[in-house]
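Asker: Sending over work_18.cif (mmCIF, C-alpha atoms and all ligand atoms).
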data_start
#
loop_
_atom_site.label_atom_id
_atom_site.label_comp_id
_atom_site.auth_asym_id
_atom_site.auth_seq_id
_atom_site.Cartn_x
_atom_site.Cartn_y
_atom_site.Cartn_z
CA MET A 1 0.00 0.00 0.00
CA SER A 2 2.73 2.49 -0.88
CA GLU A 3 1.73 3.57 -4.37
CA PHE A 4 1.98 7.21 -3.25
CA LYS A 5 5.12 6.90 -1.11
CA ASP A 6 7.19 10.12 -1.35
CA ARG A 7 4.26 11.80 -3.12
CA VAL A 8 2.97 15.16 -1.92
CA VAL A 9 -0.78 15.67 -2.28
CA VAL A 10 -2.82 18.84 -1.69
CA ILE A 11 -6.53 18.26 -1.10
CA THR A 12 -8.95 21.17 -0.77
CA GLY A 13 -12.10 20.64 1.29
CA ALA A 14 -10.25 17.90 3.19
CA ALA A 15 -11.97 18.57 6.53
CA SER A 16 -15.22 16.84 5.57
CA GLY A 17 -17.03 14.43 3.32
CA ILE A 18 -15.41 13.39 0.02
CA GLY A 19 -12.27 15.48 0.66
CA GLU A 20 -11.77 13.88 4.07
CA ALA A 21 -12.16 10.41 2.52
CA CYS A 22 -9.61 11.37 -0.17
CA ALA A 23 -7.16 12.45 2.54
CA ASP A 24 -7.58 9.09 4.32
CA VAL A 25 -7.13 7.10 1.11
CA PHE A 26 -3.99 8.98 0.00
CA ARG A 27 -2.47 8.79 3.50
CA SER A 28 -3.12 5.03 3.56
CA ALA A 29 -1.34 4.78 0.20
CA GLY A 30 1.75 6.40 1.69
CA ALA A 31 1.34 10.02 0.55
CA THR A 32 2.08 13.17 2.51
CA VAL A 33 -1.29 14.93 2.50
CA ILE A 34 -1.78 18.66 2.97
CA GLY A 35 -5.42 19.54 3.56
CA TRP A 36 -6.71 23.04 2.84
CA ASP A 37 -10.13 23.96 4.17
CA LEU A 38 -12.08 26.75 5.85
CA SER A 39 -12.16 24.42 8.84
CA GLY A 40 -9.11 23.20 10.74
CA LEU A 41 -10.64 19.73 11.27
CA ASN A 42 -8.77 16.63 10.05
CA ASN A 43 -5.41 18.47 10.40
CA CYS A 44 -6.36 20.96 7.70
CA GLU A 45 -4.56 24.25 7.22
CA PRO A 46 -7.16 27.05 7.13
CA VAL A 47 -7.24 28.28 3.52
CA ASP A 48 -10.19 29.90 1.76
CA VAL A 49 -9.78 28.74 -1.85
CA SER A 50 -11.98 31.56 -3.13
CA GLN A 51 -9.24 34.02 -2.06
CA TRP A 52 -6.25 34.21 -4.42
CA GLU A 53 -3.91 35.75 -1.84
CA ALA A 54 -4.62 33.02 0.73
CA VAL A 55 -4.08 30.26 -1.84
CA HIS A 56 -0.90 31.88 -3.13
CA LEU A 57 0.45 32.14 0.42
CA ALA A 58 -0.38 28.49 1.17
CA ALA A 59 1.25 27.37 -2.09
CA GLY A 60 4.41 29.19 -1.00
CA LYS A 61 4.47 27.08 2.17
CA VAL A 62 4.22 23.87 0.11
CA GLU A 63 7.13 25.12 -1.99
CA SER A 64 9.37 25.89 0.98
CA GLN A 65 8.53 22.62 2.76
CA PHE A 66 8.49 20.13 -0.14
CA GLY A 67 9.77 21.90 -3.28
CA LYS A 68 7.26 20.03 -5.47
CA LEU A 69 3.69 18.79 -5.67
CA ASP A 70 2.54 15.50 -7.21
CA VAL A 71 -1.25 15.60 -6.87
CA LEU A 72 -3.86 18.31 -6.43
CA VAL A 73 -7.43 17.28 -5.58
CA ASN A 74 -9.90 20.15 -5.86
CA CYS A 75 -12.75 19.08 -3.63
CA ALA A 76 -13.78 22.24 -1.72
CA GLY A 77 -17.30 23.14 -2.72
CA VAL A 78 -20.49 24.87 -1.68
CA ILE A 79 -24.13 24.60 -2.67
CA THR A 80 -26.78 27.26 -2.19
CA PRO A 81 -30.48 26.66 -1.33
CA ASN A 82 -32.82 24.85 -3.74
CA LEU A 83 -34.82 27.50 -5.60
CA PRO A 84 -36.46 27.62 -9.03
CA ALA A 85 -34.36 29.56 -11.56
CA GLN A 86 -36.48 32.70 -11.43
CA ASP A 87 -36.00 33.02 -7.64
CA VAL A 88 -32.27 32.35 -7.33
CA GLU A 89 -30.43 35.32 -5.82
CA ASN A 90 -27.72 36.74 -8.08
CA ASP A 91 -25.47 36.47 -5.06
CA ASP A 92 -25.97 32.67 -5.05
CA TYR A 93 -24.31 32.54 -8.48
CA THR A 94 -21.44 34.60 -7.10
CA LYS A 95 -21.05 32.26 -4.10
CA ASN A 96 -21.07 29.07 -6.17
CA PHE A 97 -18.65 30.44 -8.74
CA ALA A 98 -16.29 31.98 -6.14
CA VAL A 99 -15.60 28.62 -4.49
CA ASN A 100 -16.50 25.91 -7.00
CA VAL A 101 -14.91 27.55 -10.05
CA MET A 102 -12.45 30.23 -8.91
CA GLY A 103 -11.24 27.90 -6.13
CA VAL A 104 -10.11 25.45 -8.83
CA VAL A 105 -8.56 28.24 -10.88
CA HIS A 106 -6.68 29.67 -7.88
CA THR A 107 -5.21 26.38 -6.63
CA SER A 108 -4.33 25.11 -10.11
CA LYS A 109 -2.54 28.35 -11.04
CA ALA A 110 -0.79 28.80 -7.70
CA LEU A 111 0.47 25.20 -7.66
CA TYR A 112 1.28 24.88 -11.38
CA SER A 113 5.02 25.50 -11.05
CA LEU A 114 5.26 22.95 -8.20
CA LEU A 115 3.31 20.35 -10.21
CA CYS A 116 5.80 20.91 -13.05
CA LYS A 117 8.53 19.66 -10.68
CA SER A 118 6.83 16.26 -10.24
CA ASP A 119 7.66 13.32 -12.51
CA SER A 120 3.96 12.32 -12.67
CA PRO A 121 1.76 15.29 -11.81
CA ALA A 122 -2.02 15.03 -11.71
CA ILE A 123 -5.02 17.19 -10.86
CA VAL A 124 -8.41 15.67 -10.03
CA ASN A 125 -11.37 18.04 -9.82
CA ILE A 126 -14.59 17.12 -8.06
CA ALA A 127 -17.43 18.33 -10.29
CA SER A 128 -20.93 16.82 -9.96
CA GLN A 129 -23.55 14.86 -11.85
CA ALA A 130 -25.31 18.25 -11.83
CA ALA A 131 -22.79 19.28 -14.51
CA LEU A 132 -24.09 16.55 -16.81
CA VAL A 133 -27.84 16.38 -16.19
CA SER A 134 -30.20 18.94 -14.73
CA LEU A 135 -31.00 18.78 -11.06
CA PRO A 136 -34.20 20.68 -10.27
CA SER A 137 -33.83 24.05 -8.54
CA GLN A 138 -30.03 24.08 -8.69
CA THR A 139 -29.16 26.38 -11.60
CA ALA A 140 -26.28 28.23 -9.91
CA TYR A 141 -24.59 25.11 -8.54
CA SER A 142 -25.12 23.21 -11.83
CA ALA A 143 -23.65 26.06 -13.87
CA SER A 144 -20.62 26.25 -11.59
CA LYS A 145 -20.00 22.50 -11.89
CA GLY A 146 -20.43 22.71 -15.66
CA ALA A 147 -17.65 25.27 -15.61
CA VAL A 148 -15.47 22.86 -13.62
CA THR A 149 -15.83 20.20 -16.34
CA SER A 150 -14.94 22.75 -19.06
CA LEU A 151 -11.96 23.96 -17.05
CA THR A 152 -10.84 20.36 -16.62
CA ARG A 153 -10.72 19.76 -20.37
CA ALA A 154 -9.17 23.15 -21.11
CA MET A 155 -6.41 22.78 -18.52
CA ALA A 156 -5.77 19.19 -19.64
CA ILE A 157 -5.03 20.47 -23.14
CA ASP A 158 -2.94 23.46 -22.03
CA TRP A 159 -0.84 21.44 -19.60
CA ALA A 160 -0.44 18.17 -21.50
CA SER A 161 2.88 19.43 -22.86
CA VAL A 162 4.30 19.64 -19.32
CA GLY A 163 2.83 16.25 -18.37
CA ILE A 164 0.16 17.44 -15.94
CA ARG A 165 -2.90 15.20 -16.30
CA VAL A 166 -6.18 16.92 -15.43
CA ASN A 167 -9.35 14.91 -14.89
CA ALA A 168 -12.65 15.31 -13.06
CA ILE A 169 -15.18 13.07 -11.41
CA CYS A 170 -18.90 13.78 -11.32
CA PRO A 171 -20.23 12.25 -8.10
CA GLY A 172 -23.83 11.24 -7.73
CA PHE A 173 -25.58 11.60 -4.36
CA THR A 174 -22.94 10.82 -1.74
CA ALA A 175 -23.54 10.57 1.99
CA THR A 176 -21.66 13.66 3.22
CA PRO A 177 -22.72 16.58 5.42
CA MET A 178 -23.41 18.64 2.23
CA ALA A 179 -25.83 16.10 0.77
CA MET A 180 -27.31 14.82 4.02
CA GLY A 181 -28.17 18.40 5.01
CA GLN A 182 -30.84 18.25 2.31
CA MET A 183 -31.80 14.60 2.83
CA THR A 184 -35.21 13.38 4.00
CA PRO A 185 -36.43 9.76 4.10
CA GLU A 186 -38.62 10.56 1.07
CA LEU A 187 -35.68 12.01 -0.88
CA ASP A 188 -33.45 9.08 0.08
CA ALA A 189 -36.06 6.63 -1.22
CA ALA A 190 -36.63 8.65 -4.42
CA VAL A 191 -32.90 8.93 -5.15
CA SER A 192 -32.37 5.23 -4.54
CA ARG A 193 -35.21 4.43 -6.98
CA ARG A 194 -33.72 6.76 -9.60
CA VAL A 195 -30.13 5.47 -9.37
CA PRO A 196 -29.74 2.30 -11.49
CA LEU A 197 -27.42 0.81 -8.84
CA GLY A 198 -30.20 1.58 -6.35
CA ARG A 199 -28.49 3.56 -3.61
CA ILE A 200 -26.70 6.65 -2.38
CA PHE A 201 -22.89 6.38 -2.36
CA GLN A 202 -20.23 6.62 0.32
CA PRO A 203 -17.38 9.19 0.26
CA ILE A 204 -14.80 6.39 0.12
CA GLU A 205 -16.22 5.25 -3.23
CA MET A 206 -15.50 8.71 -4.67
CA ALA A 207 -12.06 8.75 -3.04
CA HIS A 208 -11.05 5.43 -4.62
CA THR A 209 -11.90 6.78 -8.08
CA VAL A 210 -9.92 9.95 -7.37
CA GLU A 211 -6.98 7.81 -6.21
CA PHE A 212 -7.08 5.83 -9.48
CA LEU A 213 -7.15 8.98 -11.65
CA ALA A 214 -4.22 10.44 -9.68
CA SER A 215 -2.19 7.24 -9.86
CA PRO A 216 0.26 5.96 -12.48
CA LYS A 217 -2.39 3.38 -13.41
CA ALA A 218 -4.19 6.26 -15.17
CA SER A 219 -1.04 7.53 -16.90
CA ALA A 220 -2.80 7.74 -20.30
CA VAL A 221 -5.92 9.45 -18.95
CA THR A 222 -6.34 13.20 -19.20
CA GLY A 223 -9.22 15.57 -19.98
CA VAL A 224 -11.75 13.00 -18.81
CA VAL A 225 -14.95 13.86 -16.94
CA LEU A 226 -15.98 10.64 -15.24
CA PRO A 227 -19.45 10.11 -13.76
CA VAL A 228 -19.32 8.18 -10.48
CA ASP A 229 -23.06 8.06 -10.04
CA GLY A 230 -24.28 4.48 -10.10
CA GLY A 231 -25.55 4.97 -13.65
CA TRP A 232 -27.74 8.07 -13.03
CA THR A 233 -26.42 9.87 -16.12
CA ALA A 234 -26.46 6.67 -18.22
CA GLY A 235 -30.24 6.55 -18.16
CA GLU A 236 -33.33 5.53 -16.26
CA PRO A 237 -33.34 2.33 -14.18
CA ALA A 238 -34.81 -0.69 -15.94
CA LEU A 239 -38.62 -0.78 -15.97
CA PRO A 240 -40.42 -3.87 -14.57
CA MET A 241 -41.47 -5.17 -18.03
N1 LIG A 301 -22.12 14.91 -1.56
C1 LIG A 301 -22.61 14.85 -2.78
O1 LIG A 301 -23.69 14.24 -3.00
C2 LIG A 301 -21.90 15.51 -3.93
C3 LIG A 301 -22.34 15.22 -5.22
C4 LIG A 301 -21.68 15.81 -6.28
C5 LIG A 301 -20.59 16.63 -6.07
N2 LIG A 301 -20.18 16.90 -4.80
C6 LIG A 301 -19.01 17.77 -4.64
O2 LIG A 301 -18.05 17.12 -3.85
C7 LIG A 301 -17.25 18.11 -3.18
C8 LIG A 301 -17.17 17.77 -1.69
O3 LIG A 301 -18.48 17.90 -1.15
P1 LIG A 301 -18.98 17.08 0.12
O4 LIG A 301 -20.25 16.49 -0.24
O5 LIG A 301 -17.88 16.26 0.65
O6 LIG A 301 -19.32 18.33 1.08
P2 LIG A 301 -18.84 18.73 2.54
O7 LIG A 301 -19.67 19.92 2.87
O8 LIG A 301 -18.86 17.55 3.45
O9 LIG A 301 -17.32 19.17 2.33
C9 LIG A 301 -16.98 20.34 1.63
C10 LIG A 301 -15.77 20.93 2.30
O10 LIG A 301 -15.37 22.08 1.52
C11 LIG A 301 -14.98 23.08 2.46
N3 LIG A 301 -15.05 24.42 1.85
C12 LIG A 301 -16.20 25.09 1.51
N4 LIG A 301 -15.87 26.31 1.04
C13 LIG A 301 -14.51 26.39 1.09
C14 LIG A 301 -13.59 27.42 0.76
N5 LIG A 301 -14.00 28.61 0.30
N6 LIG A 301 -12.27 27.17 0.93
C15 LIG A 301 -11.84 25.98 1.44
N7 LIG A 301 -12.67 24.98 1.78
C16 LIG A 301 -14.00 25.20 1.61
C17 LIG A 301 -15.94 22.92 3.62
O11 LIG A 301 -15.44 23.55 4.81
C18 LIG A 301 -16.02 21.41 3.73
O12 LIG A 301 -15.06 20.89 4.62
C19 LIG A 301 -17.91 19.46 -3.46
O13 LIG A 301 -17.20 20.11 -4.50
C20 LIG A 301 -19.31 19.07 -3.92
O14 LIG A 301 -19.86 20.04 -4.76
C21 LIG A 301 -20.81 16.34 -3.72
#
Would you mind giving the structure from this file in structure tokens?
Ligand SMILES: NC(=O)c1ccc[n+]([C@@H]2O[C@H](COP(=O)([O-])OP(=O)(O)OC[C@H]3O[C@@H](n4cnc5c(N)ncnc54)[C@H](O)[C@@H]3O)[C@@H](O)[C@H]2O)c1

Answerer:
Amino acid sequence: MSEFKDRVVVITGAASGIGEACADVFRSAGATVIGWDLSGLNNCEPVDVSQWEAVHLAAGKVESQFGKLDVLVNCAGVITPNLPAQDVENDDYTKNFAVNVMGVVHTSKALYSLLCKSDSPAIVNIASQAALVSLPSQTAYSASKGAVTSLTRAMAIDWASVGIRVNAICPGFTATPMAMGQMTPELDAAVSRRVPLGRIFQPIEMAHTVEFLASPKASAVTGVVLPVDGGWTAGEPALPM
């Protein structure tokens, strides 16, 4: 279990949910993990990824301590309240884009020169199934995650020449504080009926896919946006015919 021995990994949003699971998985695989989050839980350094200066400062610390970076996982994210498109506050668009999109831009730019010093650099962005299919009453979040998938492909092309692979996953409903904050027994049952695999997912299942995309096993994979959603975006579950 030392696939990531001597590898330095920065994970944003590592204090909770999918980011926390990613931190556990990379640590178990031998990596040195640096968590950046608003919260200091799970040994995270407090960094607000929506703020360029804070990210730039934190990147400088990675440079002085390690001199390189092998993997960046962009997991920090926010979601604003469910509202039909006509009622969404303009400010909700600003909030979603500040963290979900500009957070990815800030970390990727600030850490680019350190990733260039790795012999197998990789970025994995956490988008959402909301980037691929419409979720009702989530226009601002969906648009921000759509931007993350476009950024993923665009950065993959720009940085292929320096060997940085850039991929994204699109999680389906995953049992984290973000998703469970909105969960009711009725919603749980409805989601489970809608997902072809018939259930909500665990953060560790997302983390294992992230680990694969960041690993040498995925050395030929870049610019990919991978649904990890139990088949939600593949189609409707089979009908009882
Ligand atoms: N849980 C799901 O069902 C689901 C589905 C699709 C996509 N996602 C995405 O997965 C990612 C992780 O979400 P989660 O479900 O684990 O949620 P979560 O709320 O458990 O974790 C998100 C973490 O991001 C941190 N964060 C928020 N704003 C930040 C900022 N400005 N700077 C630094 N850290 C910040 C939070 O403090 C928190 O620790 C998010 O990008 C989310 O959009 C989640």

Asker: Neighbours of ligand LIG 301 (chain A) at 8 Å or closer, counting only C-alpha atoms and all ligand atoms: which residues, as a compact mmCIF listing (two decimals) with C-alpha atoms, keeping the file's coordinate frame?

Answerer:
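Listing of selection-v2.txt after writing:
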# COMPACT_ATOMS: atom_id res chain seq x y z
CA THR A 12 -8.95 21.17 -0.77
CA GLY A 13 -12.10 20.64 1.29
CA ALA A 14 -10.25 17.90 3.19
CA ALA A 15 -11.97 18.57 6.53
CA SER A 16 -15.22 16.84 5.57
CA GLY A 17 -17.03 14.43 3.32
CA ILE A 18 -15.41 13.39 0.02
CA GLY A 19 -12.27 15.48 0.66
CA GLU A 20 -11.77 13.88 4.07
CA TRP A 36 -6.71 23.04 2.84
CA ASP A 37 -10.13 23.96 4.17
CA LEU A 38 -12.08 26.75 5.85
CA SER A 39 -12.16 24.42 8.84
CA PRO A 46 -7.16 27.05 7.13
CA VAL A 47 -7.24 28.28 3.52
CA ASP A 48 -10.19 29.90 1.76
CA VAL A 49 -9.78 28.74 -1.85
CA SER A 50 -11.98 31.56 -3.13
CA GLN A 51 -9.24 34.02 -2.06
CA ASN A 74 -9.90 20.15 -5.86
CA CYS A 75 -12.75 19.08 -3.63
CA ALA A 76 -13.78 22.24 -1.72
CA GLY A 77 -17.30 23.14 -2.72
CA VAL A 78 -20.49 24.87 -1.68
CA ILE A 79 -24.13 24.60 -2.67
CA ALA A 98 -16.29 31.98 -6.14
CA VAL A 99 -15.60 28.62 -4.49
CA ASN A 100 -16.50 25.91 -7.00
CA GLY A 103 -11.24 27.90 -6.13
CA ILE A 126 -14.59 17.12 -8.06
CA ALA A 127 -17.43 18.33 -10.29
CA SER A 128 -20.93 16.82 -9.96
CA GLN A 129 -23.55 14.86 -11.85
CA ALA A 130 -25.31 18.25 -11.83
CA TYR A 141 -24.59 25.11 -8.54
CA LYS A 145 -20.00 22.50 -11.89
CA CYS A 170 -18.90 13.78 -11.32
CA PRO A 171 -20.23 12.25 -8.10
CA GLY A 172 -23.83 11.24 -7.73
CA PHE A 173 -25.58 11.60 -4.36
CA THR A 174 -22.94 10.82 -1.74
CA ALA A 175 -23.54 10.57 1.99
CA THR A 176 -21.66 13.66 3.22
CA PRO A 177 -22.72 16.58 5.42
CA MET A 178 -23.41 18.64 2.23
CA ALA A 179 -25.83 16.10 0.77
CA MET A 180 -27.31 14.82 4.02
CA PHE A 201 -22.89 6.38 -2.36
CA PRO A 203 -17.38 9.19 0.26

Asker: Between A:Gly181, A:Pro121, A:Pro227, A:Pro136, which residue has the minimum interatomic distance to Ala168 of chain A, considering all atoms listed in the file?

Answerer: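 For Ala168 of chain A, the nearest of the given residues is A:Pro227.
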
Asker: Please determine the residues with any atom at most 10 Å from (4.7, 24.9, -15.6) (coordinates as given in the file, with all atoms listed in the file counting) and report them as a list in words.

Answerer: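 Returned residue set, sorted by chain then number, is Lys109, Leu111, Tyr112, Ser113, Leu114, Leu115, Cys116, Lys117, Trp159, Ser161, Val162, Gly163 and Ile164 of chain A.
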
Asker: I need the residue nearest Arg27 of chain A from this list: A:Ser192, A:Ser108, A:Glu211, A:Ala122. Use all atoms listed in the file for the distance.

Answerer: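 Once distances to Arg27 of chain A are computed over all atoms listed in the file, the minimum belongs to A:Glu211.
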
Asker: Neighbouring residues of Val210 of chain A were defined as those with any atom within 9 Å, considering only C-alpha atoms; residues of the same chain fewer than 6 positions away were excluded. Please report them as a ChimeraX atom specification.

Answerer: /A:22,73,124-126,168-169

Asker: Counting all atoms listed in the file, select every polymer residue within 12 Å of (-29.1, 30.3, -8.5) as defined in the file's coordinates, and provide the selection as a PDB file with C-alpha atoms, keeping the file's coordinate frame.

Answerer:
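Here's the written file selection.pdb:
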ATOM      1  CA  ILE A  79     -24.130  24.600  -2.670  1.00  0.00           C
ATOM      2  CA  THR A  80     -26.780  27.260  -2.190  1.00  0.00           C
ATOM      3  CA  PRO A  81     -30.480  26.660  -1.330  1.00  0.00           C
ATOM      4  CA  ASN A  82     -32.820  24.850  -3.740  1.00  0.00           C
ATOM      5  CA  LEU A  83     -34.820  27.500  -5.600  1.00  0.00           C
ATOM      6  CA  PRO A  84     -36.460  27.620  -9.030  1.00  0.00           C
ATOM      7  CA  ALA A  85     -34.360  29.560 -11.560  1.00  0.00           C
ATOM      8  CA  GLN A  86     -36.480  32.700 -11.430  1.00  0.00           C
ATOM      9  CA  ASP A  87     -36.000  33.020  -7.640  1.00  0.00           C
ATOM     10  CA  VAL A  88     -32.270  32.350  -7.330  1.00  0.00           C
ATOM     11  CA  GLU A  89     -30.430  35.320  -5.820  1.00  0.00           C
ATOM     12  CA  ASN A  90     -27.720  36.740  -8.080  1.00  0.00           C
ATOM     13  CA  ASP A  91     -25.470  36.470  -5.060  1.00  0.00           C
ATOM     14  CA  ASP A  92     -25.970  32.670  -5.050  1.00  0.00           C
ATOM     15  CA  TYR A  93     -24.310  32.540  -8.480  1.00  0.00           C
ATOM     16  CA  THR A  94     -21.440  34.600  -7.100  1.00  0.00           C
ATOM     17  CA  LYS A  95     -21.050  32.260  -4.100  1.00  0.00           C
ATOM     18  CA  ASN A  96     -21.070  29.070  -6.170  1.00  0.00           C
ATOM     19  CA  PHE A  97     -18.650  30.440  -8.740  1.00  0.00           C
ATOM     20  CA  LEU A 135     -31.000  18.780 -11.060  1.00  0.00           C
ATOM     21  CA  PRO A 136     -34.200  20.680 -10.270  1.00  0.00           C
ATOM     22  CA  SER A 137     -33.830  24.050  -8.540  1.00  0.00           C
ATOM     23  CA  GLN A 138     -30.030  24.080  -8.690  1.00  0.00           C
ATOM     24  CA  THR A 139     -29.160  26.380 -11.600  1.00  0.00           C
ATOM     25  CA  ALA A 140     -26.280  28.230  -9.910  1.00  0.00           C
ATOM     26  CA  TYR A 141     -24.590  25.110  -8.540  1.00  0.00           C
ATOM     27  CA  SER A 142     -25.120  23.210 -11.830  1.00  0.00           C
ATOM     28  CA  ALA A 143     -23.650  26.060 -13.870  1.00  0.00           C
ATOM     29  CA  SER A 144     -20.620  26.250 -11.590  1.00  0.00           C
TER      30      SER A 144
END

Asker: Fewer than 6 positions away in the same chain doesn't count, so skip those; otherwise give me all residues within 8 Å of Val8 of chain A, counting all atoms listed in the file, as an mmCIF file with C-alpha atoms, in the frame of the given file.

Answerer:
data_model
loop_
_atom_site.group_PDB
_atom_site.id
_atom_site.type_symbol
_atom_site.label_atom_id
_atom_site.label_comp_id
_atom_site.auth_asym_id
_atom_site.auth_seq_id
_atom_site.Cartn_x
_atom_site.Cartn_y
_atom_site.Cartn_z
ATOM 1 C CA ALA A 31 1.340 10.020 0.550
ATOM 2 C CA THR A 32 2.080 13.170 2.510
ATOM 3 C CA VAL A 33 -1.290 14.930 2.500
ATOM 4 C CA ILE A 34 -1.780 18.660 2.970
ATOM 5 C CA PHE A 66 8.490 20.130 -0.140
ATOM 6 C CA LYS A 68 7.260 20.030 -5.470
ATOM 7 C CA LEU A 69 3.690 18.790 -5.670
ATOM 8 C CA ASP A 70 2.540 15.500 -7.210
ATOM 9 C CA VAL A 71 -1.250 15.600 -6.870
#

Asker: When you count all atoms listed in the file, which of these residues is closest to Ala234 of chain A: A:Arg153, A:His208, A:Arg199, A:Arg194?

Answerer: A:Arg194

Asker: What is the atom CA of Asn167 of chain A to atom CA of Ala59 of chain A distance in Å?

Answerer: 20.8 Å

Asker: What is the distance, in Å and to one decimal place, between atom CA of Gly231 of chain A and atom CA of Gly198 of chain A?

Answerer: 9.3 Å
